[in-house]
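Following: one structure in structure tokens, then a few remarks.
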Amino acid sequence: MPSSPANIPPKDPSQGHPERSNSSSPSTSPVTILLSILSVLSAVFIAYLVHSSTTTTTTTASADQDTATVTRFFPFSRLLSRQSVVRQVSNSAALQAKSNLANLRAEETGFKMRTPVYFISHGGPNVMYERDHPAYSKLQELGREITTKVKPRAVVVFSAHWQAGPDTIQVNTAEITDLIYDFYGFPSHYYKEKFPNVGSKEVAQKVIDALHEAGIKAEGVKRGLDHGVWAGFKCAFDPETNPLKVPIVQVSLFGNEDPAKHYKLGQALSKLRDENIQIIGSGMAVHNLRDMHFTFGDPRPLPYTVSFDEALKDAATAPPEKREQAMVDLLKRPDARQAHPFFDHILPVHIAAGAAGEDKGRRLWTLKSGSMSWAQFRFGEPAVNGTL
């Protein structure tokens with residue numbers, strides 16, 4: 001128990017009232033002075049302990065300051081049995097404040113934490129089974145980065161396999177979504193694959209509202225997830241080892257091949273990143289199925305695979321103020337139609353680049369193989385465990 005007035009040894013009766021002398025200055029016993037000081041300090045210390053034990057919203061700064069004050073003015077408090085209470089209260093406050101540290105810094109600096117934006121090359125449904133393919137492990141790495149570092153509250157994804165009207169975007173508002181097996185000629189068990197997921201009407205409406213605010217026509221529909229989402233996601237977010245436990249809202253592309261319109265589509269949704277919503281574009285960096293039949297079994301990349309893949313890197317990693325024009329010009333290259341006979345698989349990276357805003361792009365990885373490229377991009381950097 002800490003010292004208190006009741007624990008102070010009684011004074012010697014003979015010292016109760018010091019005799020007055022004929023001198024004009026009173027005479028006081030040193031023992032009396034010491035005991036009086038100890039009484040005052042003990043009372044202050046008890047008041048501090050009572051206040052600390054009843055305070056539940058103390059911040060790290062105030063807790064650390066109070067503890068430092070006690071140590072400074074009451075060095076003997078380390079010997080008291082109540083020192084553990086001080087330590088526990090201080091540690092509890094520190095843990096509580098640490099969890100809010102990023103938000104406090106954001107409020108002080110005016111900085112907003114934003115989710116990064118990703119583009120993935122999803123490949124065909126066979127990527128789920130070819131676990132020795134380098135793309136499989138790279139998708140897993142990206143998925144773990146999202147679940148362990150970004151930790152979004154929802155995912156908005158654009159797939160190459162859903163195009164709406166030339167001037168209209170469709171948004172999946174279904175909360176329970178089936179899988180769409182939009183591929184042909186694969187073994188029967190491919191069409192029995194499952195990927196657990198849920199949608200979100202709330203997030204879907206946020207997407208629609210943001211598009212309307214940007215002057216883009218948008219409508220809600222009920223639809224399943226196509227393999228451009230679930231096949232790649234099953235590698236990135238394995239339901240057994242790295243489940244994605246947040247809603248997935250798929251959004252269509254325009255039913256046209258205009259890179260500028262798709263870039264602006266991404267720009268319209270960029271603000272969702274401030275609400276901890278993850279934006280992902282899913283396509284292929286190079287995608288020529290016709291030539292794939294001629295390169296089957298030969299991993300050496302075709303010349304246009306190499307040239308276009310590097311041109312894509314240059315455009316996506318250009319300074320943000322120059323990136324939009326660079327991404328538009330990318331599809332004017334003479335090798336663009338060789339790399340992409342149809343632009344549906346490259347336009348998701350335009351959306352991702354548009355959603356990036358002022359964040360810089362970075363190619364995380366690439367693999368040039370035959371008439372395909374598996375490049376992955378990230379725009380912006382992920383926060384680490386919620387810290388800046």
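Residue names in the structure tokens use chain letters A, B, ... in the order shown, residue numbers from 1 in each chain, and ligand numbers from 1 in the order shown.
Using only C-alpha atoms, the residues found no farther than 9 Å from Leu312 (chain A), other than those of its own chain fewer than 3 positions away, are Ala285, Ser307, Phe308, Asp309, Ala315, Ala316, Thr317, Met327 and Leu330 of chain A.
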Residues as selected, N, CA and C atoms, written as a JSON list (two decimals), in the first residue's frame, can you do that?
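Output below, filename part_11.json:
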[["chain", "number", "residue", "atom", "x", "y", "z"],
["A", 285, "ALA", "N", -1.60, -7.81, -69.75],
["A", 285, "ALA", "CA", -0.72, -6.77, -70.29],
["A", 285, "ALA", "C", -0.53, -6.95, -71.79],
["A", 307, "SER", "N", 8.04, -5.58, -77.03],
["A", 307, "SER", "CA", 8.00, -4.13, -77.26],
["A", 307, "SER", "C", 6.79, -3.48, -76.59],
["A", 308, "PHE", "N", 5.62, -4.11, -76.69],
["A", 308, "PHE", "CA", 4.43, -3.50, -76.11],
["A", 308, "PHE", "C", 4.48, -3.57, -74.59],
["A", 309, "ASP", "N", 4.99, -4.65, -74.04],
["A", 309, "ASP", "CA", 5.06, -4.78, -72.58],
["A", 309, "ASP", "C", 5.93, -3.68, -71.98],
["A", 315, "ALA", "N", 4.47, 3.92, -70.05],
["A", 315, "ALA", "CA", 3.27, 4.75, -69.95],
["A", 315, "ALA", "C", 2.68, 4.73, -68.54],
["A", 316, "ALA", "N", 2.59, 3.54, -67.95],
["A", 316, "ALA", "CA", 1.96, 3.42, -66.63],
["A", 316, "ALA", "C", 2.81, 4.03, -65.53],
["A", 317, "THR", "N", 4.10, 4.08, -65.71],
["A", 317, "THR", "CA", 5.00, 4.64, -64.69],
["A", 317, "THR", "C", 5.43, 6.07, -65.01],
["A", 327, "MET", "N", -0.91, 7.01, -71.64],
["A", 327, "MET", "CA", -1.76, 5.83, -71.72],
["A", 327, "MET", "C", -2.64, 5.87, -72.97],
["A", 330, "LEU", "N", -0.44, 5.06, -75.96],
["A", 330, "LEU", "CA", -0.01, 3.67, -75.96],
["A", 330, "LEU", "C", -0.79, 2.84, -76.99]]
Original post:
Could you state the separation of CA of Gln163 (chain A) and CA of Gly266 (chain A) in Å, given to one decimal place?
Top reply: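 Interatomic distance, CA of Gln163 (chain A) to CA of Gly266 (chain A): 15.0 Å.
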**OP:** Step one, run DSSP on the backbone; step two, keep only residues of region 132-170 of chain A assigned to strand (DSSP E or B); then write them as a PyMOL selection string.
**Re:** chain A and resi 154-163+168-170
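Comparing the minimum interatomic distances between Asn172 (chain A) and each of A:Gly224, A:Pro320, A:Pro152, A:Gly215, counting only C-alpha atoms, we find that A:Gly224 sits nearest.
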Original post:
Of the candidates A:Phe294, A:Trp162, A:Phe195, A:Tyr184, which one gets nearest to Cys235 (chain A) if we count only C-alpha atoms?
Top reply: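 Looking only at the distances to Cys235 (chain A), the closest residue turns out to be A:Phe195.
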Original post:
Got a sec: who's within 12 Å of Arg273 (chain A), counting only C-alpha atoms, leaving out chain neighbours fewer than 5 positions off, as a PyMOL selection string?
Top reply: chain A and resi 112-118+150-156+203+206-207+210+266-268+278-280+352+355-357+359+379-380+382
**OP:** Using DSSP on the backbone coordinates, identify all residues within region 143-342 of chain A classified as helix (DSSP H, G or I); present the result as a PyMOL selection string.
**Re:** chain A and resi 143-150+188-192+201-213+227-236+259-275+289-295+303-316+320-330+336-339
Expected file contents, prior selection, C-alpha atoms, as a PDB file, in the first residue's frame:
ATOM      1  CA  GLY A 143      -3.213 -10.983 -52.554  1.00  0.00           C
ATOM      2  CA  ARG A 144      -1.338 -11.227 -49.276  1.00  0.00           C
ATOM      3  CA  GLU A 145      -0.224  -7.614 -49.642  1.00  0.00           C
ATOM      4  CA  ILE A 146      -3.850  -6.545 -49.962  1.00  0.00           C
ATOM      5  CA  THR A 147      -5.157  -8.616 -47.042  1.00  0.00           C
ATOM      6  CA  THR A 148      -2.271  -7.937 -44.638  1.00  0.00           C
ATOM      7  CA  LYS A 149      -1.199  -4.391 -45.486  1.00  0.00           C
ATOM      8  CA  VAL A 150      -3.994  -2.601 -47.300  1.00  0.00           C
ATOM      9  CA  SER A 188     -15.541 -30.533 -66.708  1.00  0.00           C
ATOM     10  CA  HIS A 189     -14.192 -29.876 -63.214  1.00  0.00           C
ATOM     11  CA  TYR A 190     -13.363 -26.284 -64.238  1.00  0.00           C
ATOM     12  CA  TYR A 191     -17.093 -25.633 -64.376  1.00  0.00           C
ATOM     13  CA  LYS A 192     -17.569 -26.831 -60.818  1.00  0.00           C
ATOM     14  CA  LYS A 201     -25.476  -2.666 -52.283  1.00  0.00           C
ATOM     15  CA  GLU A 202     -23.932   0.165 -50.278  1.00  0.00           C
ATOM     16  CA  VAL A 203     -20.606   0.100 -52.134  1.00  0.00           C
ATOM     17  CA  ALA A 204     -22.345  -0.429 -55.473  1.00  0.00           C
ATOM     18  CA  GLN A 205     -24.419   2.684 -54.834  1.00  0.00           C
ATOM     19  CA  LYS A 206     -21.285   4.643 -53.959  1.00  0.00           C
ATOM     20  CA  VAL A 207     -19.868   3.657 -57.344  1.00  0.00           C
ATOM     21  CA  ILE A 208     -23.036   4.687 -59.164  1.00  0.00           C
ATOM     22  CA  ASP A 209     -23.215   8.003 -57.301  1.00  0.00           C
ATOM     23  CA  ALA A 210     -19.572   8.805 -58.048  1.00  0.00           C
ATOM     24  CA  LEU A 211     -20.073   8.072 -61.733  1.00  0.00           C
ATOM     25  CA  HIS A 212     -23.182  10.235 -61.895  1.00  0.00           C
ATOM     26  CA  GLU A 213     -21.309  13.096 -60.226  1.00  0.00           C
ATOM     27  CA  HIS A 227     -13.668 -15.609 -64.612  1.00  0.00           C
ATOM     28  CA  GLY A 228     -11.709 -12.386 -65.157  1.00  0.00           C
ATOM     29  CA  VAL A 229     -12.425 -11.795 -61.479  1.00  0.00           C
ATOM     30  CA  TRP A 230     -12.847 -15.104 -59.709  1.00  0.00           C
ATOM     31  CA  ALA A 231     -10.138 -17.179 -61.428  1.00  0.00           C
ATOM     32  CA  GLY A 232      -7.380 -14.686 -60.642  1.00  0.00           C
ATOM     33  CA  PHE A 233      -8.874 -13.905 -57.242  1.00  0.00           C
ATOM     34  CA  LYS A 234      -8.888 -17.579 -56.291  1.00  0.00           C
ATOM     35  CA  CYS A 235      -5.114 -17.548 -56.743  1.00  0.00           C
ATOM     36  CA  ALA A 236      -4.614 -14.213 -54.978  1.00  0.00           C
ATOM     37  CA  PRO A 259      -8.728   4.706 -73.738  1.00  0.00           C
ATOM     38  CA  ALA A 260      -9.497   8.302 -72.679  1.00  0.00           C
ATOM     39  CA  LYS A 261     -13.033   7.417 -71.586  1.00  0.00           C
ATOM     40  CA  HIS A 262     -11.763   4.490 -69.531  1.00  0.00           C
ATOM     41  CA  TYR A 263      -9.069   6.644 -67.948  1.00  0.00           C
ATOM     42  CA  LYS A 264     -11.757   9.138 -66.919  1.00  0.00           C
ATOM     43  CA  LEU A 265     -13.848   6.249 -65.605  1.00  0.00           C
ATOM     44  CA  GLY A 266     -11.043   5.496 -63.194  1.00  0.00           C
ATOM     45  CA  GLN A 267     -10.674   9.167 -62.267  1.00  0.00           C
ATOM     46  CA  ALA A 268     -14.367   9.315 -61.353  1.00  0.00           C
ATOM     47  CA  LEU A 269     -13.930   6.542 -58.790  1.00  0.00           C
ATOM     48  CA  SER A 270     -10.583   7.640 -57.354  1.00  0.00           C
ATOM     49  CA  LYS A 271     -12.227   9.243 -54.323  1.00  0.00           C
ATOM     50  CA  LEU A 272     -13.501   5.851 -53.152  1.00  0.00           C
ATOM     51  CA  ARG A 273      -9.924   5.079 -52.166  1.00  0.00           C
ATOM     52  CA  ASP A 274     -10.275   7.584 -49.328  1.00  0.00           C
ATOM     53  CA  GLU A 275     -13.002   5.331 -47.896  1.00  0.00           C
ATOM     54  CA  LEU A 289      -5.137 -15.661 -78.326  1.00  0.00           C
ATOM     55  CA  ARG A 290      -4.851 -16.137 -82.070  1.00  0.00           C
ATOM     56  CA  ASP A 291      -1.060 -16.204 -81.985  1.00  0.00           C
ATOM     57  CA  MET A 292      -1.023 -18.296 -78.810  1.00  0.00           C
ATOM     58  CA  HIS A 293      -1.829 -21.366 -80.896  1.00  0.00           C
ATOM     59  CA  PHE A 294       1.325 -20.808 -82.924  1.00  0.00           C
ATOM     60  CA  THR A 295       3.542 -20.322 -79.864  1.00  0.00           C
ATOM     61  CA  PRO A 303       8.688  -9.386 -80.713  1.00  0.00           C
ATOM     62  CA  TYR A 304       5.496  -7.405 -80.139  1.00  0.00           C
ATOM     63  CA  THR A 305       5.077  -8.993 -76.711  1.00  0.00           C
ATOM     64  CA  VAL A 306       8.427  -7.547 -75.682  1.00  0.00           C
ATOM     65  CA  SER A 307       7.998  -4.130 -77.258  1.00  0.00           C
ATOM     66  CA  PHE A 308       4.433  -3.499 -76.105  1.00  0.00           C
ATOM     67  CA  ASP A 309       5.059  -4.782 -72.576  1.00  0.00           C
ATOM     68  CA  GLU A 310       7.909  -2.310 -72.154  1.00  0.00           C
ATOM     69  CA  ALA A 311       5.878   0.498 -73.703  1.00  0.00           C
ATOM     70  CA  LEU A 312       3.091  -0.236 -71.228  1.00  0.00           C
ATOM     71  CA  LYS A 313       5.581   0.016 -68.387  1.00  0.00           C
ATOM     72  CA  ASP A 314       6.796   3.389 -69.638  1.00  0.00           C
ATOM     73  CA  ALA A 315       3.265   4.749 -69.950  1.00  0.00           C
ATOM     74  CA  ALA A 316       1.960   3.416 -66.629  1.00  0.00           C
ATOM     75  CA  PRO A 320       1.186  11.434 -62.999  1.00  0.00           C
ATOM     76  CA  GLU A 321       0.768  14.728 -64.844  1.00  0.00           C
ATOM     77  CA  LYS A 322       1.874  13.049 -68.105  1.00  0.00           C
ATOM     78  CA  ARG A 323       0.389   9.603 -67.560  1.00  0.00           C
ATOM     79  CA  GLU A 324      -3.067  10.122 -69.102  1.00  0.00           C
ATOM     80  CA  GLN A 325      -1.670  11.207 -72.448  1.00  0.00           C
ATOM     81  CA  ALA A 326       0.938   8.459 -72.344  1.00  0.00           C
ATOM     82  CA  MET A 327      -1.760   5.828 -71.724  1.00  0.00           C
ATOM     83  CA  VAL A 328      -3.869   7.180 -74.601  1.00  0.00           C
ATOM     84  CA  ASP A 329      -0.882   7.233 -76.962  1.00  0.00           C
ATOM     85  CA  LEU A 330      -0.011   3.667 -75.959  1.00  0.00           C
ATOM     86  CA  ALA A 336      -0.854  -2.252 -80.150  1.00  0.00           C
ATOM     87  CA  ARG A 337      -3.201  -4.311 -82.339  1.00  0.00           C
ATOM     88  CA  GLN A 338      -0.698  -7.142 -82.428  1.00  0.00           C
ATOM     89  CA  ALA A 339      -0.470  -7.189 -78.644  1.00  0.00           C
TER      90      ALA A 339
END
**OP:** Using only C-alpha atoms, pick whichever of A:Glu175, A:Ala214, A:Asn276, A:Gly220 has the shortest atom-to-atom distance to Ala383 (chain A).
**Re:**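 For Ala383 (chain A), the nearest of the candidates is A:Asn276.
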